[in-house]
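Asks: Just run.txt, nothing more (compact mmCIF, C-alpha atoms and all ligand atoms):
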# COMPACT_ATOMS: atom_id res chain seq x y z
CA MET A 202 90.84 127.73 73.62
CA GLY A 203 91.40 124.21 74.83
CA ARG A 204 89.31 121.11 74.69
CA LYS A 205 86.40 122.36 76.77
CA ALA A 206 82.65 122.24 76.36
CA HIS A 207 79.43 122.63 78.23
CA VAL A 208 76.01 121.26 77.41
CA HIS A 209 72.71 122.12 79.09
CA ARG A 210 70.03 119.63 78.06
CA VAL A 211 66.47 120.23 79.23
CA THR A 212 63.52 117.98 78.43
CA ASP A 213 60.09 117.41 79.96
CA GLU A 214 61.73 114.75 82.12
CA THR A 215 65.16 116.05 83.08
CA ASP A 216 67.40 119.09 83.44
CA ILE A 217 71.09 118.18 83.01
CA TYR A 218 74.14 120.42 82.84
CA VAL A 219 77.63 119.12 82.06
CA GLU A 220 80.84 121.13 81.83
CA VAL A 221 84.09 119.41 80.87
CA ASP A 222 87.74 120.25 80.24
CA ILE A 223 89.52 117.23 78.78
CA ASP A 224 92.90 118.73 79.66
CA GLY A 225 91.87 119.46 83.22
CA ALA A 226 93.41 118.26 86.44
CA GLY A 227 90.72 116.05 87.95
CA ASN A 228 88.68 118.82 89.57
CA VAL A 229 85.29 117.13 89.74
CA GLU A 230 82.00 118.45 91.11
CA ILE A 231 78.99 116.18 90.84
CA ASP A 232 75.44 117.00 91.94
CA THR A 233 72.71 114.49 91.12
CA PRO A 234 70.01 113.10 93.45
CA LEU A 235 71.50 109.58 93.16
CA LYS A 236 74.40 108.82 95.46
CA PHE A 237 75.77 105.89 93.51
CA LEU A 238 75.60 107.85 90.23
CA ASN A 239 77.52 110.66 91.96
CA HIS A 240 80.10 108.11 93.09
CA MET A 241 80.50 106.69 89.55
CA LEU A 242 80.68 110.09 87.80
CA TYR A 243 83.24 111.28 90.34
CA THR A 244 85.26 108.10 89.77
CA PHE A 245 85.17 108.54 85.98
CA GLY A 246 86.20 112.20 86.16
CA ARG A 247 89.06 111.56 88.56
CA TYR A 248 90.50 108.63 86.64
CA ALA A 249 90.14 110.48 83.34
CA SER A 250 91.77 113.51 85.01
CA LEU A 251 89.06 115.75 83.60
CA ASP A 252 87.73 118.93 85.06
CA LEU A 253 84.11 117.91 85.23
CA LYS A 254 80.91 119.46 86.55
CA VAL A 255 77.64 117.56 86.39
CA TYR A 256 74.28 118.81 87.64
CA ALA A 257 71.23 116.62 87.16
CA ARG A 258 67.61 116.72 88.26
CA GLY A 259 64.58 114.92 86.88
CA ASP A 260 61.34 113.08 87.45
CA LEU A 261 62.39 109.41 87.54
CA ASN A 262 65.71 107.79 88.41
CA HIS A 263 65.79 105.93 85.09
CA HIS A 264 65.49 109.23 83.18
CA ILE A 265 68.12 110.95 85.29
CA VAL A 266 70.70 108.17 84.77
CA GLU A 267 69.98 107.80 81.05
CA ASP A 268 69.93 111.54 80.31
CA THR A 269 73.10 112.13 82.31
CA GLY A 270 74.81 109.54 80.07
CA ILE A 271 73.46 111.32 76.97
CA THR A 272 74.50 114.79 78.15
CA LEU A 273 77.96 113.70 79.33
CA GLY A 274 78.48 112.03 75.94
CA MET A 275 77.38 115.18 74.10
CA ALA A 276 79.77 117.29 76.17
CA LEU A 277 82.70 114.91 75.57
CA ASP A 278 81.94 114.85 71.83
CA LYS A 279 81.87 118.64 71.70
CA ALA A 280 85.05 119.00 73.77
CA LEU A 281 86.93 116.47 71.62
CA GLY A 282 86.27 118.68 68.58
CA GLU A 283 87.81 117.40 65.35
CA ARG A 284 89.65 114.62 67.25
CA THR A 285 92.81 115.16 65.23
CA GLY A 286 96.12 114.17 66.79
CA ILE A 287 94.66 112.07 69.56
CA LYS A 288 95.89 108.61 70.51
CA ARG A 289 92.41 107.35 69.63
CA PHE A 290 92.50 103.97 71.39
CA GLY A 291 92.42 103.38 75.11
CA SER A 292 92.10 100.23 77.19
CA ALA A 293 92.22 99.26 80.82
CA ILE A 294 92.03 96.02 82.78
CA VAL A 295 90.90 96.93 86.26
CA PRO A 296 90.72 94.81 89.41
CA MET A 297 88.64 95.74 92.44
CA ASP A 298 88.81 92.97 95.02
CA ASP A 299 86.75 90.11 93.50
CA ALA A 300 85.94 92.06 90.34
CA LEU A 301 88.07 92.16 87.21
CA VAL A 302 86.86 94.06 84.14
CA ILE A 303 88.20 95.12 80.79
CA VAL A 304 87.26 98.44 79.19
CA SER A 305 88.39 99.23 75.67
CA LEU A 306 87.38 102.19 73.51
CA ASP A 307 88.01 103.88 70.18
CA LEU A 308 87.31 107.61 69.97
CA LYS A 309 87.35 107.89 66.18
CA ARG A 310 83.64 108.42 65.68
CA ARG A 311 82.45 104.83 65.19
CA ILE A 312 79.41 104.03 67.33
CA TYR A 313 79.42 100.47 68.60
CA TYR A 314 79.24 98.92 72.01
CA THR A 315 79.26 95.55 73.70
CA ILE A 316 78.57 95.48 77.41
CA ASN A 317 78.86 92.11 79.11
CA LEU A 318 78.35 92.60 82.81
CA GLY A 319 76.44 90.30 85.11
CA LEU A 320 74.58 92.77 87.32
CA GLU A 321 71.37 92.19 89.24
CA GLY A 322 68.87 94.42 91.00
CA TYR A 323 69.93 97.63 92.68
CA ILE A 324 73.47 98.74 93.35
CA GLU A 325 73.00 101.07 96.31
CA ASP A 326 70.33 103.53 95.11
CA VAL A 327 70.63 102.92 91.35
CA TYR A 328 69.06 100.09 89.35
CA SER A 329 71.81 98.11 87.61
CA GLY A 330 69.92 98.10 84.29
CA ASP A 331 70.02 101.90 84.33
CA LEU A 332 73.81 101.81 84.65
CA ILE A 333 74.06 99.58 81.55
CA HIS A 334 71.75 102.06 79.81
CA PHE A 335 74.08 104.88 80.91
CA LEU A 336 77.05 103.15 79.26
CA ARG A 337 75.10 102.67 76.00
CA SER A 338 73.92 106.30 75.99
CA LEU A 339 77.45 107.48 76.76
CA ALA A 340 78.96 105.47 73.89
CA SER A 341 76.32 106.63 71.38
CA ASN A 342 76.53 110.29 72.29
CA THR A 343 80.30 110.48 72.66
CA VAL A 344 80.30 108.80 69.24
CA MET A 345 82.75 106.05 70.12
CA THR A 346 83.23 102.31 70.19
CA LEU A 347 83.06 100.90 73.70
CA HIS A 348 83.64 97.35 74.85
CA VAL A 349 83.08 96.46 78.49
CA HIS A 350 83.59 92.89 79.64
CA GLU A 351 83.51 91.30 83.02
CA LEU A 352 86.31 88.77 83.52
CA ALA A 353 85.53 87.90 87.15
CA GLY A 354 83.59 89.05 90.18
CA PHE A 355 80.50 88.66 92.33
CA ASP A 356 80.02 92.07 93.97
CA GLY A 357 77.99 94.39 91.72
CA HIS A 358 79.33 97.56 93.37
CA HIS A 359 82.90 96.43 92.74
CA LYS A 360 82.21 95.38 89.16
CA ILE A 361 80.60 98.64 88.07
CA GLU A 362 83.09 100.78 90.01
CA ALA A 363 85.94 98.97 88.23
CA VAL A 364 84.17 99.75 84.94
CA PHE A 365 83.99 103.50 85.68
CA LYS A 366 87.64 103.54 86.77
CA GLY A 367 88.57 101.74 83.56
CA LEU A 368 86.39 104.07 81.51
CA GLY A 369 88.28 107.03 83.00
CA MET A 370 91.70 105.48 82.40
CA ALA A 371 90.85 104.39 78.85
CA PHE A 372 89.32 107.78 77.97
CA ARG A 373 92.36 109.60 79.34
CA GLU A 374 94.67 107.44 77.23
CA ALA A 375 92.60 107.64 74.03
CA SER A 376 92.00 111.42 74.22
CA ARG A 377 95.68 112.20 74.81
CA LEU A 378 97.25 114.39 72.12
CA VAL A 379 100.15 112.54 70.49
CA VAL A 380 101.17 114.92 67.72
MN MN A 401 82.62 102.30 95.93
Please lay out the structure from this file as structure tokens.
Ligand SMILES: [Mn+2]
Replies:
Amino acid sequence: MGRKAHVHRVTDETDIYVEVDIDGAGNVEIDTPLKFLNHMLYTFGRYASLDLKVYARGDLNHHIVEDTGITLGMALDKALGERTGIKRFGSAIVPMDDALVIVSLDLKRRIYYTINLGLEGYIEDVYSGDLIHFLRSLASNTVMTLHVHELAGFDGHHKIEAVFKGLGMAFREASRLVV
């Protein structure tokens, strides 16, 4: 059976489809209208070594980013199933040139998040506030605790890319079966 799930979430604002295999091999296909969101989802999937498909369309960029975070979280929650026998905790400290971030998560169904990132304006074609919203929606819908802290950096692209790499690494570690 495996730890796989797919979720198709359709609202008046967006149409999002996510398919995930937690025990995949990093085969990632991302199709959203936002290039930087594609870049971040691809980064997460690769570093988490998931098989991941994401399709997203919608009316406004804000809705697309937010609802993709919700739907990805729902799919991860479903794929994780009962969450028995997993390592549960995962953390990563990730450098990317000037940027240094810490990502730490707990997959045992406790929703909490702190996100301390100094981001301003747009990062490529995505508003930085929407990316913070994505992380909150992802934490809530995966049903996990997520702490994201910036330790250093000045380049917004580097900071948020380091976060998505760390998110992938931490998720891979925490979801690993240890029994
Ligand atoms: Mn990049």
Asks: Write as a list in words the residues around ligand MN 401 (chain A), taking 10 Å as the cut-off and counting only C-alpha atoms and all ligand atoms.
Replies: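 I would give the residues around ligand MN 401 (chain A) as Phe237, His240, Met241, Thr244, Met297, Glu325, His358, His359, Lys360, Ile361, Glu362 and Ala363 of chain A.
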Asks: For the selection you just gave me, I'd like the residues written to a file as an mmCIF file, in the coordinates of the input, keeping C-alpha atoms.
Replies:
data_model
loop_
_atom_site.group_PDB
_atom_site.id
_atom_site.type_symbol
_atom_site.label_atom_id
_atom_site.label_comp_id
_atom_site.auth_asym_id
_atom_site.auth_seq_id
_atom_site.Cartn_x
_atom_site.Cartn_y
_atom_site.Cartn_z
ATOM 1 C CA PHE A 237 75.770 105.890 93.510
ATOM 2 C CA HIS A 240 80.100 108.110 93.090
ATOM 3 C CA MET A 241 80.500 106.690 89.550
ATOM 4 C CA THR A 244 85.260 108.100 89.770
ATOM 5 C CA MET A 297 88.640 95.740 92.440
ATOM 6 C CA GLU A 325 73.000 101.070 96.310
ATOM 7 C CA HIS A 358 79.330 97.560 93.370
ATOM 8 C CA HIS A 359 82.900 96.430 92.740
ATOM 9 C CA LYS A 360 82.210 95.380 89.160
ATOM 10 C CA ILE A 361 80.600 98.640 88.070
ATOM 11 C CA GLU A 362 83.090 100.780 90.010
ATOM 12 C CA ALA A 363 85.940 98.970 88.230
#
Asks: Between A:Arg377, A:Arg311, A:Lys236, A:Lys366, which has the minimum distance to Met345 in chain A (counting only C-alpha atoms)?
Replies: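 Going through A:Arg377, A:Arg311, A:Lys236, A:Lys366 one by one, the smallest distance to Met345 in chain A is for A:Arg311.
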Asks: What does the structure give for the distance between CA of Arg373 in chain A and CA of Ser250 in chain A, in Å to one decimal?
Replies: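 Between CA of Arg373 in chain A and CA of Ser250 in chain A the gap works out to 6.9 Å.
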Asks: Taking all atoms listed in the file into account, which of A:Asn317, A:Thr343, A:Ala226, A:Phe245 comes nearest Val302 in chain A?
Replies: A:Asn317
Asks: Quick one: pull the distance between CA of Val229 in chain A and CA of His350 in chain A, Å, one decimal.
Replies: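 Taking CA of Val229 in chain A and CA of His350 in chain A, their separation equals 26.3 Å.
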Asks: Do you know which residues are at most 7 Å from Glu220 in chain A counting only C-alpha atoms, after dropping those on the same chain fewer than 6 positions away, and could you put them as a list of chain:residue names?
Replies: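 The residues that qualify are A:Ala206, A:His207, A:Val208, A:Leu253, A:Lys254, A:Val255, A:Ala276.
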Asks: Which of these residues is nearest to Asp356 in chain A, using only C-alpha atoms: A:Phe372, A:Asp307, A:Asp298, A:Phe335?
Replies: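 Among the listed residues, the smallest separation from Asp356 in chain A belongs to A:Asp298.
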Asks: If I wrap all listed atoms of range 353-356 of chain A in a box with edges along x, y and z and add 4 Å on each side, what are its centre and edge lengths in Å to one decimal, as AutoDock Vina command-line options?
Replies:
--center_x 82.8 --center_y 90.0 --center_z 90.6 --size_x 13.5 --size_y 12.2 --size_z 14.8
Asks: Using all atoms listed in the file, which of A:Asp252, A:Glu321, A:Glu230, A:Asp268 sits nearest Asp213 in chain A?
Replies: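 Using all atoms listed in the file, Asp213 in chain A sits closest to A:Asp268.
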Asks: For Ser329 in chain A, which of A:Val344, A:Gly357, A:Asn262, A:Glu351 is the closest residue, counting all atoms listed in the file?
Replies: A:Gly357
Asks: Determine, counting all atoms listed in the file, which protein, DNA and RNA residues have an atom within 9 Å of an atom of Asp326 in chain A; residues of the same chain fewer than 2 positions away are not included. Present the result as number ranges by chain.
Replies: A: 235-238, 323-324, 328
Asks: Would you pick out the contacts of Thr272 in chain A at 9 Å or less, using all atoms listed in the file, so that residues sharing its chain but fewer than 3 positions from it are not included, and give the list as a ChimeraX atom specification?
Replies: /A:208-210,217-219,267-269,275-277,338-339,342
Asks: How would the residues just chosen look if you wrote them out with C-alpha atoms as a short mmCIF file (atom, residue, chain, number, x, y, z; two decimals), keeping the file's coordinate frame?
Replies:
data_model
loop_
_atom_site.label_atom_id
_atom_site.label_comp_id
_atom_site.auth_asym_id
_atom_site.auth_seq_id
_atom_site.Cartn_x
_atom_site.Cartn_y
_atom_site.Cartn_z
CA VAL A 208 76.01 121.26 77.41
CA HIS A 209 72.71 122.12 79.09
CA ARG A 210 70.03 119.63 78.06
CA ILE A 217 71.09 118.18 83.01
CA TYR A 218 74.14 120.42 82.84
CA VAL A 219 77.63 119.12 82.06
CA GLU A 267 69.98 107.80 81.05
CA ASP A 268 69.93 111.54 80.31
CA THR A 269 73.10 112.13 82.31
CA MET A 275 77.38 115.18 74.10
CA ALA A 276 79.77 117.29 76.17
CA LEU A 277 82.70 114.91 75.57
CA SER A 338 73.92 106.30 75.99
CA LEU A 339 77.45 107.48 76.76
CA ASN A 342 76.53 110.29 72.29
#
Asks: Would you please work out which residue, of A:Ser292, A:Thr215, A:Asn239, A:Thr233, is nearest to Leu261 in chain A when using all atoms listed in the file?
Replies: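 Once distances to Leu261 in chain A are computed over all atoms listed in the file, the minimum belongs to A:Thr215.
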Asks: Please provide the set of residues having any atom within 9 Å of Val380 in chain A, restricted to all atoms listed in the file, with same-chain residues fewer than 4 positions apart removed, written as a PDB file with C-alpha atoms, in the frame of the given file.
Replies:
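Now in selection_31.pdb:
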ATOM      1  CA  THR A 285      92.810 115.160  65.230  1.00  0.00           C
ATOM      2  CA  GLY A 286      96.120 114.170  66.790  1.00  0.00           C
ATOM      3  CA  ILE A 287      94.660 112.070  69.560  1.00  0.00           C
ATOM      4  CA  LYS A 288      95.890 108.610  70.510  1.00  0.00           C
TER       5      LYS A 288
END
Asks: Which residues, written as a list of chain:residue names, have at least one atom at most 8 Å from Ile303 in chain A, with only C-alpha atoms counted and residues fewer than 6 positions away on the same chain left out?
Replies: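 Counting only the stated atoms, we get A:Ser292, A:Ala293, A:Ile294, A:Val295, A:His348, A:Val349, A:His350, A:Glu351, A:Leu352, A:Val364, A:Gly367.
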Asks: If I put a ball of radius 6 Å at (88.2, 105.8, 74.7) in the file's coordinates, which residues poke into it when counting only C-alpha atoms, written as a tab-separated table (two decimals) with C-alpha atoms, in the coordinates of the input?
Replies:
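Written file, result21.tsv:
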chain	number	residue	atom	x	y	z
A	290	PHE	CA	92.50	103.97	71.39
A	291	GLY	CA	92.42	103.38	75.11
A	306	LEU	CA	87.38	102.19	73.51
A	307	ASP	CA	88.01	103.88	70.18
A	308	LEU	CA	87.31	107.61	69.97
A	371	ALA	CA	90.85	104.39	78.85
A	372	PHE	CA	89.32	107.78	77.97
A	375	ALA	CA	92.60	107.64	74.03
Asks: Report, in Å with one decimal, the straight-line distance from CA of Asp224 in chain A to CA of Leu281 in chain A.
Replies: 10.3 Å
